[in-house]
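> Data file run_2.txt (compact mmCIF, C-alpha atoms) is appended below.
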```
# COMPACT_ATOMS: atom_id res chain seq x y z
CA MET V 1 10.98 -19.22 51.40
CA SER V 2 9.05 -19.96 48.21
CA SER V 3 7.44 -23.28 47.35
CA HIS V 4 10.15 -23.85 44.73
CA ASP V 5 12.87 -23.39 47.41
CA ILE V 6 11.09 -25.82 49.73
CA LEU V 7 10.66 -28.32 46.90
CA GLY V 8 14.36 -28.01 45.97
CA THR V 9 15.42 -28.47 49.61
CA ARG V 10 13.19 -31.53 50.02
CA PHE V 11 14.58 -33.00 46.81
CA THR V 12 18.15 -32.44 48.02
CA ILE V 13 17.49 -34.05 51.40
CA LEU V 14 15.73 -37.01 49.79
CA ALA V 15 18.57 -37.50 47.30
CA LEU V 16 21.14 -37.42 50.09
CA LEU V 17 19.17 -39.92 52.20
CA ILE V 18 18.89 -42.29 49.25
CA PHE V 19 22.57 -41.86 48.51
CA ILE V 20 23.66 -42.38 52.13
CA ALA V 21 21.51 -45.51 52.41
CA GLY V 22 23.48 -47.06 49.54
CA CYS V 23 26.93 -46.07 50.88
CA PRO V 24 29.07 -48.13 53.27
CA LEU V 25 28.83 -46.91 56.86
CA ILE V 26 32.50 -47.23 57.78
CA SER V 27 35.21 -44.84 56.66
CA ALA V 28 38.48 -45.75 55.00
CA ALA V 29 40.44 -45.28 58.23
CA GLU V 30 38.13 -47.62 60.16
CA GLU V 31 38.28 -50.17 57.38
CA GLN V 32 42.07 -49.95 57.33
CA SER V 33 42.43 -50.52 61.06
CA THR V 34 40.03 -53.45 61.14
CA SER V 35 41.49 -55.25 58.17
CA SER V 36 45.22 -54.64 58.58
CA GLU V 37 45.77 -58.20 59.84
CA GLU V 38 44.19 -59.81 56.77
CA PHE V 39 46.94 -58.86 54.31
CA SER V 40 49.92 -61.08 53.55
CA SER V 41 52.08 -58.27 52.20
CA VAL V 42 52.60 -54.56 52.52
CA GLU V 43 51.80 -54.17 48.84
CA GLU V 44 48.36 -55.79 49.33
CA ARG V 45 47.72 -53.47 52.24
CA ARG V 46 48.74 -50.40 50.17
CA LEU V 47 46.48 -51.49 47.32
CA HIS V 48 43.62 -52.01 49.74
CA VAL V 49 44.14 -48.54 51.25
CA ARG V 50 44.32 -47.07 47.77
CA ILE V 51 41.01 -48.77 46.83
CA ILE V 52 39.36 -47.47 50.01
CA GLU V 53 40.62 -43.95 49.31
CA ASP V 54 39.32 -44.18 45.74
CA GLN V 55 35.96 -45.38 47.05
CA ASP V 56 35.81 -42.47 49.49
CA SER V 57 36.70 -40.10 46.67
CA LEU V 58 33.96 -41.59 44.48
CA ILE V 59 31.46 -41.27 47.33
CA GLU V 60 32.34 -37.60 47.76
CA GLU V 61 32.06 -37.06 44.01
CA LYS V 62 28.70 -38.83 44.01
CA LYS V 63 27.47 -36.61 46.85
CA ALA V 64 28.64 -33.54 44.93
CA LEU V 65 26.83 -34.80 41.83
CA VAL V 66 23.62 -35.35 43.80
CA LEU V 67 23.84 -31.82 45.18
CA GLU V 68 24.59 -30.41 41.72
CA GLU V 69 21.65 -32.34 40.28
CA ALA V 70 19.37 -30.89 42.95
CA ARG V 71 20.69 -27.39 42.20
CA LEU V 72 20.07 -27.90 38.49
CA GLU V 73 16.54 -29.14 39.15
CA LYS V 74 15.88 -26.02 41.20
CA LEU V 75 17.26 -23.83 38.40
CA LYS V 76 15.12 -25.69 35.88
CA SER V 77 11.97 -25.04 37.91
CA GLU V 78 12.92 -21.35 38.22
CA ILE V 79 13.46 -21.16 34.45
CA ASP V 80 10.09 -22.81 33.85
CA VAL V 81 8.43 -20.19 36.07
CA LYS V 82 10.18 -17.37 34.21
CA LEU V 83 9.26 -18.84 30.81
CA ALA V 84 5.63 -19.05 31.89
CA GLU V 85 5.81 -15.38 32.93
CA ILE V 86 7.32 -14.44 29.56
CA ASP V 87 4.59 -16.36 27.74
CA ARG V 88 1.95 -14.57 29.82
CA LYS V 89 3.48 -11.17 29.04
CA LEU V 90 3.70 -12.01 25.33
CA ALA V 91 0.02 -12.95 25.35
CA GLU V 92 -0.81 -9.64 27.07
CA MET V 93 1.24 -7.71 24.51
CA GLU V 94 -0.48 -9.52 21.64
CA ALA V 95 -3.88 -8.63 23.11
CA GLN V 96 -2.78 -4.99 23.46
CA LYS V 97 -1.52 -5.01 19.87
CA GLN V 98 -4.86 -6.30 18.62
CA ALA V 99 -6.71 -3.67 20.67
CA LEU V 100 -4.48 -0.94 19.22
CA GLU V 101 -5.05 -2.22 15.69
CA ILE V 102 -8.81 -2.08 16.26
CA LEU V 103 -8.55 1.48 17.62
CA LEU V 104 -6.35 2.53 14.69
CA LYS V 105 -8.81 1.06 12.19
CA GLN V 106 -11.68 2.88 13.92
CA LYS V 107 -9.72 6.14 13.78
CA GLU V 108 -8.96 5.65 10.08
CA ASN V 109 -12.62 4.93 9.39
CA LYS V 110 -13.66 8.10 11.24
CA GLU V 111 -11.11 10.18 9.32
CA LEU V 112 -12.30 8.70 6.04
CA GLN V 113 -15.89 9.48 6.96
CA ARG V 114 -14.95 13.08 7.79
CA ILE V 115 -13.21 13.44 4.41
CA LYS V 116 -16.32 12.03 2.68
CA ASP V 117 -18.55 14.47 4.57
CA LEU V 118 -16.24 17.36 3.64
CA GLY V 119 -16.29 16.15 0.02
CA LYS V 120 -20.09 16.39 0.00
CA ILE V 121 -19.86 19.93 1.35
CA TYR V 122 -17.35 20.94 -1.35
CA GLU V 123 -19.55 19.31 -4.02
CA SER V 124 -22.45 21.51 -3.03
CA MET V 125 -20.30 24.69 -3.13
CA ASP V 126 -19.64 26.87 -6.12
CA PRO V 127 -16.67 25.26 -7.99
CA LEU V 128 -14.61 28.50 -7.88
CA LEU V 129 -15.06 28.90 -4.12
CA ALA V 130 -14.39 25.17 -3.57
CA ALA V 131 -11.23 25.47 -5.71
CA ASP V 132 -9.96 28.33 -3.53
CA ALA V 133 -10.56 26.25 -0.42
CA VAL V 134 -8.91 23.15 -1.95
CA ALA V 135 -5.89 25.22 -2.99
CA ASP V 136 -5.22 26.00 0.68
CA LEU V 137 -5.38 22.34 1.75
CA ASP V 138 -2.52 19.87 2.00
CA ARG V 139 -2.21 18.24 -1.43
CA THR V 140 -2.69 14.70 -0.09
CA VAL V 141 -5.85 15.76 1.75
CA ALA V 142 -7.05 17.59 -1.36
CA ALA V 143 -6.55 14.46 -3.49
CA ALA V 144 -8.39 12.32 -0.93
CA LEU V 145 -11.17 14.87 -0.78
CA LEU V 146 -11.61 15.00 -4.57
CA ALA V 147 -11.56 11.18 -4.67
CA THR V 148 -14.75 11.11 -2.58
CA MET V 149 -16.61 13.42 -4.98
CA LYS V 150 -18.55 12.67 -8.10
CA PRO V 151 -16.18 12.91 -11.09
CA ARG V 152 -18.12 15.83 -12.61
CA SER V 153 -17.89 17.94 -9.42
CA ALA V 154 -14.21 17.07 -8.92
CA ALA V 155 -13.48 18.03 -12.53
CA LYS V 156 -15.09 21.46 -12.08
CA ILE V 157 -12.98 22.11 -8.97
CA LEU V 158 -9.76 20.91 -10.66
CA ASP V 159 -10.58 23.11 -13.66
CA ALA V 160 -10.77 26.14 -11.36
CA LEU V 161 -7.31 25.42 -9.83
CA SER V 162 -4.02 26.50 -11.34
CA ARG V 163 -2.46 24.10 -13.80
CA GLU V 164 0.35 23.16 -11.38
CA GLU V 165 -2.01 22.56 -8.45
CA ALA V 166 -4.35 20.46 -10.57
CA ALA V 167 -1.42 18.39 -11.92
CA GLU V 168 0.03 17.78 -8.45
CA ILE V 169 -3.33 16.79 -6.97
CA SER V 170 -4.00 14.51 -9.97
CA ARG V 171 -0.62 12.77 -9.49
CA LEU V 172 -1.38 12.21 -5.83
CA PHE V 173 -4.84 10.96 -6.74
CA LEU V 174 -3.31 8.35 -9.07
CA THR V 175 -0.88 7.11 -6.41
CA MET V 176 -3.51 6.76 -3.67
CA PRO V 177 -4.18 3.19 -2.53
CA VAL V 178 -7.42 1.71 -3.77
CA GLU V 179 -9.81 0.74 -1.01
```
What would you get if you wrote out this structure as structure tokens?


Amino acid sequence: MSSHDILGTRFTILALLIFIAGCPLISAAEEQSTSSEEFSSVEERRLHVRIIEDQDSLIEEKKALVLEEARLEKLKSEIDVKLAEIDRKLAEMEAQKQALEILLKQKENKELQRIKDLGKIYESMDPLLAADAVADLDRTVAAALLATMKPRSAAKILDALSREEAAEISRLFLTMPVE
């Protein structure tokens, strides 16, 4: 039994004890038998019995309400525990998201550095040989590569490419995000 179950049970018992302490100790039947001689008419006696029955009904309803209140308190504490768990998991997920974002940024930086290094290699090559190599690359990679080069070296390589290849790489170069 969990501490929340024990707490709920203790609350229920306490509520019932408080309730019982405030209730009359004799039942409607006992009350009816002891006070049947006090009434001057049958109608008074019927009204009295009706009042006692209503009181008993109210007492039962009050007991049911106390039990329902205890059940709701227990549910509330269970919900609070689950909400705390959800908050904890959300915090964990946020930490994981931040860690992934850091790793992604590191990966992007490494890829950018590799493209810059490759750009330096292509700059030092003969422009015709570099153009042949660039022609075989993905056009987006080729545009990124040429963007890392000095304009003069990139121009020589573009000049050595076919007109269509140079135009496509130039278009991609213009649409690249500025860092």

> Identify, on the basis of all atoms listed in the file, every residue whose closest approach to region 124-136 of chain V does not exceed 7 Å; exclude the query and any residue fewer than 4 positions from it along the same chain; express the result as a PyMOL selection string.

chain V and resi 120+142+156-158+160-161

> Hey, which of V:Ser162, V:Gln113, V:Thr175, V:Gln106 ends up closest to Ala143 (chain V)? Count all atoms listed in the file.

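Selected residue with least distance to Ala143 (chain V): V:Thr175.
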
> Rounded to one decimal place, report the CA of Asn109 (chain V)-CA of Thr148 (chain V) distance in Å.

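Computing the Euclidean distance for CA of Asn109 (chain V) and CA of Thr148 (chain V) yields 13.6 Å.
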
> Report as JSON the centre and the edge lengths, in Å to one decimal, of the axis-aligned box holding every listed atom of region 45-62 of chain V, padded by 8 Å on each side.


```
{"center_x": 38.7, "center_y": -45.3, "center_z": 48.1, "size_x": 36.0, "size_y": 32.4, "size_z": 24.2}
```

> So, with all atoms listed in the file as the atoms that count, which of V:Ile121, V:Leu67, V:Ala166, V:Leu137 lies closest to Met149 (chain V)?

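Using all atoms listed in the file, the shortest distance to Met149 (chain V) belongs to V:Ile121.
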
> Could you check how far CA of Asp138 (chain V) sits from CA of Arg171 (chain V), in Å to one decimal?

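For CA of Asp138 (chain V) relative to CA of Arg171 (chain V), the distance reads 13.6 Å.
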
> Record the distance separating CA of Leu104 (chain V) and CA of Phe173 (chain V), expressed in Å with one decimal.

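Answer for the CA of Leu104 (chain V) to CA of Phe173 (chain V) separation: 23.1 Å.
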
> Contacts of Ala144 (chain V) at 9 Å or less, counting all atoms listed in the file, minus same-chain residues fewer than 2 places along, as a PyMOL selection string?

chain V and resi 112+115-116+119+139-142+146-148+172-173+176

> Can you patch up region 163-175 of chain V, filling it in to N, CA and C atoms, and show the result as a PDB file, in the coordinates of the input?


```pdb
ATOM      1  N   ARG V 163      -2.893  25.292 -13.083  1.00  0.00           N
ATOM      2  CA  ARG V 163      -2.460  24.100 -13.800  1.00  0.00           C
ATOM      3  C   ARG V 163      -1.521  23.238 -12.931  1.00  0.00           C
ATOM      4  N   GLU V 164      -0.602  23.882 -12.220  1.00  0.00           N
ATOM      5  CA  GLU V 164       0.350  23.160 -11.380  1.00  0.00           C
ATOM      6  C   GLU V 164      -0.357  22.452 -10.221  1.00  0.00           C
ATOM      7  N   GLU V 165      -1.274  23.158  -9.573  1.00  0.00           N
ATOM      8  CA  GLU V 165      -2.010  22.560  -8.450  1.00  0.00           C
ATOM      9  C   GLU V 165      -2.841  21.374  -8.923  1.00  0.00           C
ATOM     10  N   ALA V 166      -3.515  21.540 -10.036  1.00  0.00           N
ATOM     11  CA  ALA V 166      -4.350  20.460 -10.570  1.00  0.00           C
ATOM     12  C   ALA V 166      -3.486  19.252 -10.938  1.00  0.00           C
ATOM     13  N   ALA V 167      -2.307  19.495 -11.531  1.00  0.00           N
ATOM     14  CA  ALA V 167      -1.420  18.390 -11.920  1.00  0.00           C
ATOM     15  C   ALA V 167      -0.905  17.664 -10.679  1.00  0.00           C
ATOM     16  N   GLU V 168      -0.506  18.408  -9.666  1.00  0.00           N
ATOM     17  CA  GLU V 168       0.030  17.780  -8.450  1.00  0.00           C
ATOM     18  C   GLU V 168      -1.049  16.964  -7.748  1.00  0.00           C
ATOM     19  N   ILE V 169      -2.233  17.512  -7.619  1.00  0.00           N
ATOM     20  CA  ILE V 169      -3.330  16.790  -6.970  1.00  0.00           C
ATOM     21  C   ILE V 169      -3.698  15.553  -7.791  1.00  0.00           C
ATOM     22  N   SER V 170      -3.696  15.664  -9.103  1.00  0.00           N
ATOM     23  CA  SER V 170      -4.000  14.510  -9.970  1.00  0.00           C
ATOM     24  C   SER V 170      -2.960  13.413  -9.801  1.00  0.00           C
ATOM     25  N   ARG V 171      -1.679  13.784  -9.709  1.00  0.00           N
ATOM     26  CA  ARG V 171      -0.620  12.770  -9.490  1.00  0.00           C
ATOM     27  C   ARG V 171      -0.835  12.048  -8.152  1.00  0.00           C
ATOM     28  N   LEU V 172      -1.132  12.814  -7.144  1.00  0.00           N
ATOM     29  CA  LEU V 172      -1.380  12.210  -5.830  1.00  0.00           C
ATOM     30  C   LEU V 172      -2.615  11.309  -5.873  1.00  0.00           C
ATOM     31  N   PHE V 173      -3.626  11.740  -6.605  1.00  0.00           N
ATOM     32  CA  PHE V 173      -4.840  10.960  -6.740  1.00  0.00           C
ATOM     33  C   PHE V 173      -4.530   9.596  -7.370  1.00  0.00           C
ATOM     34  N   LEU V 174      -3.668   9.600  -8.387  1.00  0.00           N
ATOM     35  CA  LEU V 174      -3.310   8.350  -9.070  1.00  0.00           C
ATOM     36  C   LEU V 174      -2.476   7.411  -8.196  1.00  0.00           C
ATOM     37  N   THR V 175      -1.741   7.952  -7.259  1.00  0.00           N
ATOM     38  CA  THR V 175      -0.880   7.110  -6.410  1.00  0.00           C
ATOM     39  C   THR V 175      -1.578   6.680  -5.124  1.00  0.00           C
TER      40      THR V 175
END
```
